[in-house]
Amino acid sequence: MSRLDRLPPYLFSAIDRAKAAARAEGRPVVDLGVGDPDRPTPPELVEVMAREVADPAGHSYPAQRGDRGLRSTVAQWLERRYGVQADPDSEILVLIGSKEGLGHLPLTCVQEGDNVLVPDTGYPVYGQATLLAGGEPREYSLRVANGFRPDPADWNRLADKRTRLAFANHPHNPTGATADPGLWRELADAAREGDYVLVNDGAYLEVSLDGSRPASLLAAVDHRESRVLELHSLSKLFNMTGWRIAFAVGNADVVGDLARVKESMDSGVFTPIQKVAQHALGQRFEELRAEVMAPYAARRRVIVDALAAGGFEVFAATATFYVWARVPAGETAAAFCARALAEQDLVITPGTGFGPGGEGWFRISLTAADTDIETAAQRLREWR
């Protein structure tokens with residue numbers, strides 16, 4: 001079987017087809033499926049882009065590792081925000097979105113017959129990138145009894161001498177679960193003992209709904225002593241999903257290996273976009289972040305209250321813009337979500353789209369207009 005043949009179907013393609021068919025029938029579909037922010041990029045950042053894209057100096061090939069000014073700003077932002085010191089030249093790498101970095105990471109170290117630890121439930125890219133590199137994804141369970149957090153004992157049981165990477169993702173998509181510094185240290189100890197790289201996909205580190213600041217892997221574990229890497233994304237942070245910009249920070253050897261792969265695969269991020277990122281992470285960061293995050297806490301309350309009124313169990317979370325809830329007893333996640341579209345014109349995501357461990361759960365995205373959130377809440381209150 002070829003590597004491509006080993007890839008599972010992409011869940012959201014099937015959801016998009018069902019959604020399109022319903023809309024073609026003229027039905028009033030409310031889409032709470034994909035986590036793509038409904039609000040535009042802050043106008044201030046669009047203005048920076050307009051100015052930068054008009055400058056011919058930014059029209060040539062960008063710096064391969066990322067613009068030096070952006071990497072310096074990232075270093076300052078990390079120290080200001082998380083107390084993490086990182087060298088802009090050797091420990092920070094600009095990415096064409098975090099998905100690109102995640103997809104390339106297995107190519108840095110995975111050979112045929114190697115394996116990678118991936119979460120079940122979790123973002124499908126971790127396992128898919130492993131398969132494309134010729135490796136074996138080994139799934140570790142995220143259990144509700146453990147707050148959907150990794151158990152280091154599971155990692156020790158699954159890992160062997162051919163384990164090369166372990167992917168974690170906290171705050172977690174789809175559940176919203178967070179990790180604390182103690183857990184990060186335990187996971188880093190397991191990775192060090194097993195001699196593999198620990199990666200945190202931190203795309204939602206700044207998406208906090210209660211004002212708290214979720215724990216960063218790099219704030220808990222010294223990346224100069226351990227082979228750890230954390231990916232940060234501007235997609236969710238600044239409503240920039242289409243702009244494709246992120247960065248990886250961590251151990252210099254791991255960053256260097258990823259940079260070597262990228263040198264053969266891409267030509268970096270368009271320089272004007274990097275200039276926008278530099279502005280966003282600079283002195284105006286707090287104000288811009290507050291503006292983007294403002295709607296989500298209220299939207300979550302509306303949906304959670306509606307689910308409670310409908311008798312649904314909801315996992316308590318304070319991060320990400322997702323709501324994770326149990327499917328009614330006796331029904332599969334896929335069947336329930338299909339019924340939501342058929343009976344209530346609601347697009348929601350079955351938990352099994354994130355792995356077998358997601359059976360019995362569904363995800364609601366809060367990235368829809370407030371009016372759509374209210375409409376969806378009303379439908380959920382009146383339906384089970």
# chains A, B, ... in the order shown; residues from 1 in each chain; ligands from 1

$ select_by_dssp --residues "range 237-369 of chain A" --states "strand (DSSP E)" --output "list of chain:residue names"
A:Ala246, A:Phe247, A:Ala248, A:Val249, A:Gly250, A:Tyr322, A:Val323, A:Trp324, A:Ala325, A:Arg326, A:Leu346, A:Val347, A:Thr349, A:Pro350, A:Trp361, A:Phe362, A:Arg363, A:Ile364, A:Ser365

$ residues_around --residues "Tyr296 in chain A" --least-positions-apart "2" --cutoff "12 Å" --atoms "only C-alpha atoms" --output "ChimeraX atom specification"
/A:37-39,207-211,236,290-294,298-304,318-323,365-370,373

$ write_last_selection --atoms "N, CA and C atoms" --output "CSV table (one decimal), in the first residue's frame"
chain,number,residue,atom,x,y,z
A,37,PRO,N,-12.3,31.8,11.9
A,37,PRO,CA,-12.9,33.0,12.4
A,37,PRO,C,-13.8,33.8,11.4
A,38,ASP,N,-15.0,34.2,11.9
A,38,ASP,CA,-15.9,34.9,11.1
A,38,ASP,C,-15.6,36.3,10.9
A,39,ARG,N,-14.9,36.9,11.9
A,39,ARG,CA,-14.6,38.3,11.8
A,39,ARG,C,-13.3,38.6,11.0
A,207,VAL,N,-5.8,31.8,22.8
A,207,VAL,CA,-7.2,31.9,22.7
A,207,VAL,C,-7.8,31.4,24.1
A,208,SER,N,-7.8,32.4,25.0
A,208,SER,CA,-8.2,32.1,26.4
A,208,SER,C,-9.5,32.9,26.6
A,209,LEU,N,-10.5,32.2,27.2
A,209,LEU,CA,-11.8,32.8,27.4
A,209,LEU,C,-12.1,33.4,28.7
A,210,ASP,N,-11.2,33.2,29.7
A,210,ASP,CA,-11.5,33.7,31.0
A,210,ASP,C,-10.4,34.7,31.5
A,211,GLY,N,-9.5,35.1,30.6
A,211,GLY,CA,-8.4,36.0,31.0
A,211,GLY,C,-7.2,35.3,31.5
A,236,LYS,N,-5.4,32.1,14.3
A,236,LYS,CA,-6.5,32.2,15.3
A,236,LYS,C,-6.4,33.5,16.1
A,290,ALA,N,-7.0,41.6,22.4
A,290,ALA,CA,-8.2,41.8,23.1
A,290,ALA,C,-9.4,42.1,22.2
A,291,GLU,N,-9.1,42.8,21.1
A,291,GLU,CA,-10.2,43.1,20.1
A,291,GLU,C,-10.6,41.8,19.4
A,292,VAL,N,-9.7,40.9,19.1
A,292,VAL,CA,-10.0,39.7,18.4
A,292,VAL,C,-10.7,38.7,19.3
A,293,MET,N,-10.3,38.6,20.5
A,293,MET,CA,-10.8,37.6,21.4
A,293,MET,C,-12.2,38.0,22.1
A,294,ALA,N,-12.5,39.3,22.0
A,294,ALA,CA,-13.7,39.8,22.7
A,294,ALA,C,-15.0,39.0,22.6
A,298,ALA,N,-18.6,35.3,25.5
A,298,ALA,CA,-20.0,35.4,25.4
A,298,ALA,C,-20.7,34.4,24.5
A,299,ARG,N,-20.1,34.1,23.4
A,299,ARG,CA,-20.6,33.1,22.5
A,299,ARG,C,-20.6,31.8,23.2
A,300,ARG,N,-19.5,31.4,23.9
A,300,ARG,CA,-19.5,30.1,24.6
A,300,ARG,C,-20.6,30.0,25.6
A,301,ARG,N,-20.8,31.1,26.3
A,301,ARG,CA,-21.9,31.1,27.3
A,301,ARG,C,-23.3,30.8,26.7
A,302,VAL,N,-23.5,31.4,25.6
A,302,VAL,CA,-24.8,31.2,24.9
A,302,VAL,C,-25.0,29.8,24.4
A,303,ILE,N,-23.9,29.2,23.9
A,303,ILE,CA,-24.0,27.8,23.4
A,303,ILE,C,-24.1,26.8,24.5
A,304,VAL,N,-23.2,27.0,25.6
A,304,VAL,CA,-23.2,26.1,26.7
A,304,VAL,C,-24.6,26.1,27.4
A,318,THR,N,-11.7,26.5,29.3
A,318,THR,CA,-11.5,28.0,29.3
A,318,THR,C,-10.6,28.4,28.2
A,319,ALA,N,-10.3,27.5,27.2
A,319,ALA,CA,-9.4,27.9,26.1
A,319,ALA,C,-10.0,27.4,24.8
A,320,THR,N,-9.5,27.9,23.7
A,320,THR,CA,-9.9,27.6,22.4
A,320,THR,C,-11.3,28.2,22.1
A,321,PHE,N,-11.7,28.3,20.9
A,321,PHE,CA,-13.1,28.7,20.6
A,321,PHE,C,-14.0,27.6,20.2
A,322,TYR,N,-13.8,26.4,20.9
A,322,TYR,CA,-14.7,25.3,20.6
A,322,TYR,C,-15.4,24.9,21.9
A,323,VAL,N,-16.5,24.2,21.7
A,323,VAL,CA,-17.3,23.6,22.7
A,323,VAL,C,-17.4,22.1,22.4
A,365,SER,N,-18.0,24.9,16.9
A,365,SER,CA,-17.1,26.0,16.7
A,365,SER,C,-17.8,27.3,17.0
A,366,LEU,N,-17.2,28.2,17.7
A,366,LEU,CA,-17.8,29.5,18.0
A,366,LEU,C,-17.4,30.6,17.0
A,367,THR,N,-16.9,30.2,15.9
A,367,THR,CA,-16.4,31.2,14.9
A,367,THR,C,-17.5,31.4,13.8
A,368,ALA,N,-18.6,31.9,14.3
A,368,ALA,CA,-19.8,32.3,13.5
A,368,ALA,C,-20.3,33.6,14.0
A,369,ALA,N,-21.0,34.3,13.2
A,369,ALA,CA,-21.6,35.6,13.6
A,369,ALA,C,-22.5,35.4,14.8
A,370,ASP,N,-22.6,36.4,15.7
A,370,ASP,CA,-23.4,36.4,16.9
A,370,ASP,C,-24.8,36.0,16.6
A,373,ILE,N,-24.9,32.3,16.1
A,373,ILE,CA,-24.7,31.6,17.4
A,373,ILE,C,-26.1,31.6,18.1

$ atom_distance --atom1 "CA of Leu102 in chain A" --atom2 "CA of Leu237 in chain A"
18.0 Å

$ residues_around --residues "His170 in chain A" --least-positions-apart "6" --cutoff "7 Å" --atoms "only C-alpha atoms" --output "ChimeraX atom specification"
/A:177-179,200-202

$ residues_around --residues "Pro174 in chain A" --least-positions-apart "4" --cutoff "10 Å" --atoms "only C-alpha atoms" --output "number ranges by chain"
A: 35, 121-123, 148, 169, 320-324, 349, 351, 353-354, 358, 361-365

$ atom_distance --atom1 "CA of Val255 in chain A" --atom2 "CA of Thr73 in chain A"
17.4 Å

$ residues_around --residues "Gly256 in chain A" --least-positions-apart "2" --cutoff "10 Å" --atoms "only C-alpha atoms" --output "ChimeraX atom specification"
/A:65,89-93,108,250-254,258-262

$ residues_around --residues "Ser141 in chain A" --least-positions-apart "3" --cutoff "10 Å" --atoms "only C-alpha atoms" --output "PyMOL selection string"
chain A and resi 118-122+138+144+146+148-151+154-155+355-358

$ closest_residue --among "A:Leu107, A:Tyr196, A:Ala325, A:Phe312" --to "Gly176 in chain A" --atoms "only C-alpha atoms"
A:Ala325

$ select_by_dssp --residues "range 140-380 of chain A" --states "helix (DSSP H, G or I)" --output "MDAnalysis selection string"
chainID A and resid 144:146 152:158 181:194 217:220 252:265 271:280 285:293 296:309 333:344 351:354 356:358 370:380

$ residues_around --residues "Leu95 in chain A" --least-positions-apart "2" --cutoff "9 Å" --atoms "only C-alpha atoms" --output "list in words"
Arg65, Gly66, Leu93, Gly97, Ser98, Lys99, Glu100, Gly101, Leu231, Ser233, Arg244, Ile245, Ala246, Phe247, Ala248, Lys262, Gly268 and Val269 of chain A

$ write_last_selection --atoms "C-alpha atoms" --output "short mmCIF file (atom, residue, chain, number, x, y, z; two decimals), in the first residue's frame"
data_model
loop_
_atom_site.label_atom_id
_atom_site.label_comp_id
_atom_site.auth_asym_id
_atom_site.auth_seq_id
_atom_site.Cartn_x
_atom_site.Cartn_y
_atom_site.Cartn_z
CA ARG A 65 14.34 31.40 7.98
CA GLY A 66 12.15 34.46 8.15
CA LEU A 93 11.86 29.81 12.45
CA GLY A 97 1.25 28.57 8.88
CA SER A 98 1.66 26.03 11.67
CA LYS A 99 0.14 23.25 9.52
CA GLU A 100 3.13 23.53 7.20
CA GLY A 101 5.54 23.16 10.10
CA LEU A 231 4.58 26.16 17.26
CA SER A 233 0.23 30.69 14.93
CA ARG A 244 -0.55 31.67 6.44
CA ILE A 245 2.02 32.76 8.97
CA ALA A 246 3.30 31.11 12.13
CA PHE A 247 6.62 30.38 13.82
CA ALA A 248 8.43 27.52 15.54
CA LYS A 262 11.97 23.83 4.49
CA GLY A 268 9.30 31.20 2.92
CA VAL A 269 6.53 33.66 3.75
#

$ closest_residue --among "A:Pro171, A:Pro28, A:Pro42, A:Gly58" --to "Glu287 in chain A" --atoms "only C-alpha atoms"
A:Pro42

$ closest_residue --among "A:Leu341, A:Val327, A:Leu380, A:Val199" --to "Asp31 in chain A" --atoms "only C-alpha atoms"
A:Leu341

$ closest_residue --among "A:Arg80, A:Ile96, A:Glu230, A:Ala335" --to "Asp266 in chain A" --atoms "only C-alpha atoms"
A:Ile96

$ closest_residue --among "A:Ala340, A:Val276, A:Leu198, A:Ala376" --to "Met49 in chain A" --atoms "only C-alpha atoms"
A:Val276
